[in-house]
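To start, the structure itself, in structure tokens.
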Amino acid sequence: MNFFKIIDQLAEVDPDVLGRLDSRRAVFSSLTKVSKRAAMASAPALLASFFSKAYAGTNAGDPIEIFNYALTLEQLEADFYAKMTNSPVFGLQTPAAQAAINQIKKHEDAHVKLLTAVIKGINGVPTTGNTFKTTTFATLTTFAEQLKVAQLLEDTGVRAYKGRAGDLLGIPDVTITGIGTINPLQSALQIHSVEARHAAHIRYMRSQTPWISGTGDLDGDNTYKGSIPESTIIQSKVDLTKQLGSSYAPADAQASFDEILTKAEVLALAGPLIGA
Amino acid sequence: MSDKIQPRGSDDTSFAQPLYMPIKRRSFFMYAGATAGATALVLAGCSDDDNDSPVAPGAISLGTGDLGVLNYAYALEQLEAAFYAQVVKTPASDFQANELAYFTQVAAHEAIHRDFLKAAINRDVPGKLLQDLTPNFSSIDFTKRTAVLGAAKTFEDLGVAAYNGAGKLLKTAAYLVIAGQIVSVEARHAAYVRDLITPGSFAADDQVDVASGLDKAMAPVDVIKAAQSFVTQQLDASSVGK
């Protein structure tokens, strides 16, 4: 592998390539704990990160921003479940229902703790105080109403992580004191699938399909809309209902792929729920 | 590092040009935005360290780079789709209410995943699609609900761990998003099946780490090792994503 050959070729078409790379060096200031050797081992990804920062501008790569975004949602969820378990109606539920909410809460608390440590570990400042508005929670007077919100929060979380995965691609491993070495993208994916398990269970508790097939009582909520709605049946320009050799029902096509939400869409959904 | 197989953008013919040609400004900017392009540039810098990954004798290699990851996913989806097709074709006599209806939906999801990956690989990397695999489900008693649920849990949890571990191996963001769109559906399936086996076990402590709240992630070779007994052909995942 010859980096000079690559840089030479770039310089032929863009004389300022070195200046661009240098001026964007700040990109890596947050990754101070990454060893040089590890960085070189993932050279293609690292180089990609250079290019996306030097030329693409907004297409991501700031792990502090991404993890703080995730932490915002996790804090909201964790506080929501804390309010649920402290609610007067909670003790009236079946042991199974209580156990499920406690198990989910345990994970959200762990996610908050993990993301906070990761952000500190890459020299960032973790966001704080993203609680579920007390006045909004007070309107959820029954367990059923609380579960509705839980479903929307979980399905939003699934869509939110999915929407930022591409931004974490190529960010090298980071070593965090007390946790060890993690790959930021993989950790995000490992949280993402837990959120999907939570969503499936809460939907099941509510007698909905565990997957989003367009038949649910909340499927008209904005949580399932957005620039790429959950009703989408075309993936990567392929119509899943009629371009796959066999024909498939639209409900199965839409349920077989979950969809992303952009950061702006997620904040529009979750923002109004955050407050004192 | 092999430069023989690279995924090509479906509508980006510039990827077909020899990589050692001087880079023109226009095509350079096409490269600059894409991680795949960056990898191609790195490969352009490689001229004499070409070495093919070793393949176990008689085994079918799933391939290298992004193609390897796509074929790896295609192998797993072939397996899952075949499993649920059999579940629906010969339903367990003791399935409870709604279970067959739900498994019919799951069967459709997995068949769509399989057929979609097949279409995407054929479109983006023509001629490199993994062959049809012959499943071996002789260890599963499809007449018994317990056996079917146990196998379904194995497949779904394995699928989740497989996609979770493979994401970081991809170079192309678009493929990563697709993988993310599929894995959360697999996680929904896994949660459902787990709840049927033991109510409330959708994300139990044996699957989700208590301290970190993280689901499992597995490397391709480990996943294939776990899945190998269900496939007649020997599979080699050692070069997936490399």
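Labels for the structure tokens follow display order: chains A, B, ..., residues from 1 in each chain, ligands from 1.
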Quick one: which segment 89-171 of chain B residues come within 8 Å of segment 69-73 of chain B, and what is the nearest atom pair for each with the distance in Å to one decimal, counting only C-alpha atoms, rows ordered by chain and ascending number, as JSON lines?
{"residue": "B:Leu117", "atom": "CA", "partner": "B:Leu70", "partner_atom": "CA", "distance": 7.1}
{"residue": "B:Ile121", "atom": "CA", "partner": "B:Leu70", "partner_atom": "CA", "distance": 7.1}
{"residue": "B:Leu129", "atom": "CA", "partner": "B:Asn71", "partner_atom": "CA", "distance": 6.7}
{"residue": "B:Leu130", "atom": "CA", "partner": "B:Asn71", "partner_atom": "CA", "distance": 5.8}
{"residue": "B:Tyr163", "atom": "CA", "partner": "B:Ala73", "partner_atom": "CA", "distance": 7.7}
{"residue": "B:Ala166", "atom": "CA", "partner": "B:Val69", "partner_atom": "CA", "distance": 6.9}
{"residue": "B:Leu169", "atom": "CA", "partner": "B:Val69", "partner_atom": "CA", "distance": 7.4}
{"residue": "B:Leu170", "atom": "CA", "partner": "B:Val69", "partner_atom": "CA", "distance": 7.0}
Requested in this report: Identify, on the basis of only C-alpha atoms, every residue whose closest approach to Gly150 of chain B does not exceed 12 Å; exclude the query and any residue fewer than 6 positions from it along the same chain; express the result as a PyMOL selection string.
Outcome: chain B and resi 139-142+144+156-157+190+193-198
Could the residues of segment 133-240 of chain A that have an atom at most 12 Å from segment 96-115 of chain A be listed as a Markdown table, each with its closest atom pair and the distance in Å to one decimal, counting only C-alpha atoms and ordered by chain and ascending residue number?
| residue | atom | partner | partner_atom | distance |
| --- | --- | --- | --- | --- |
| A:Phe143 | CA | A:Ala97 | CA | 9.9 |
| A:Ala144 | CA | A:Ala97 | CA | 11.1 |
| A:Gln146 | CA | A:Ile101 | CA | 10.9 |
| A:Leu147 | CA | A:Ile101 | CA | 9.5 |
| A:Ala150 | CA | A:Ile101 | CA | 9.5 |
| A:Gln151 | CA | A:Ile101 | CA | 11.6 |
| A:Leu153 | CA | A:Glu108 | CA | 11.6 |
| A:Glu154 | CA | A:Ile104 | CA | 10.1 |
| A:Gly157 | CA | A:Glu108 | CA | 11.0 |
| A:Ile176 | CA | A:Leu114 | CA | 10.2 |
| A:Thr177 | CA | A:Leu114 | CA | 11.5 |
| A:Gly178 | CA | A:Leu114 | CA | 10.3 |
| A:Ile179 | CA | A:Leu114 | CA | 8.3 |
| A:Gly180 | CA | A:Leu114 | CA | 11.3 |
| A:Ile182 | CA | A:Leu114 | CA | 10.9 |
| A:Pro184 | CA | A:Leu115 | CA | 10.1 |
| A:Ser187 | CA | A:Leu115 | CA | 9.5 |
| A:Ala188 | CA | A:Leu115 | CA | 9.5 |
| A:Gln190 | CA | A:His111 | CA | 10.3 |
| A:Ile191 | CA | A:His111 | CA | 7.4 |
| A:His192 | CA | A:His111 | CA | 10.5 |
| A:Ser193 | CA | A:His107 | CA | 11.7 |
| A:Val194 | CA | A:His107 | CA | 8.1 |
| A:Glu195 | CA | A:Ile104 | CA | 8.8 |
| A:Ala196 | CA | A:Ile104 | CA | 11.2 |
| A:Arg197 | CA | A:Ile104 | CA | 9.4 |
| A:His198 | CA | A:Ile104 | CA | 6.5 |
| A:Ala199 | CA | A:Ile104 | CA | 9.7 |
| A:Ala200 | CA | A:Ile104 | CA | 11.6 |
| A:His201 | CA | A:Ala100 | CA | 8.2 |
| A:Ile202 | CA | A:Ala100 | CA | 8.6 |
| A:Tyr204 | CA | A:Ala97 | CA | 11.2 |
| A:Met205 | CA | A:Ala97 | CA | 8.0 |
| A:Arg206 | CA | A:Ala97 | CA | 10.8 |
Query raised in the report: Rounded to one decimal in Å, what is the spacing between atom CA of Trp211 of chain A and atom CA of Gln254 of chain A?
Result: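 A separation of 9.4 Å between them.
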Query raised in the report: Per DSSP on the backbone, what are the strand (DSSP E or B) residues of segment 72-232 of chain A, as a ChimeraX atom specification?
Result: /A:132,174-176,180-182
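Using only C-alpha atoms, the nearest neighbour of chain B within the list A:Thr241, A:Ser256, A:Thr215, A:Asn130 is A:Ser256.
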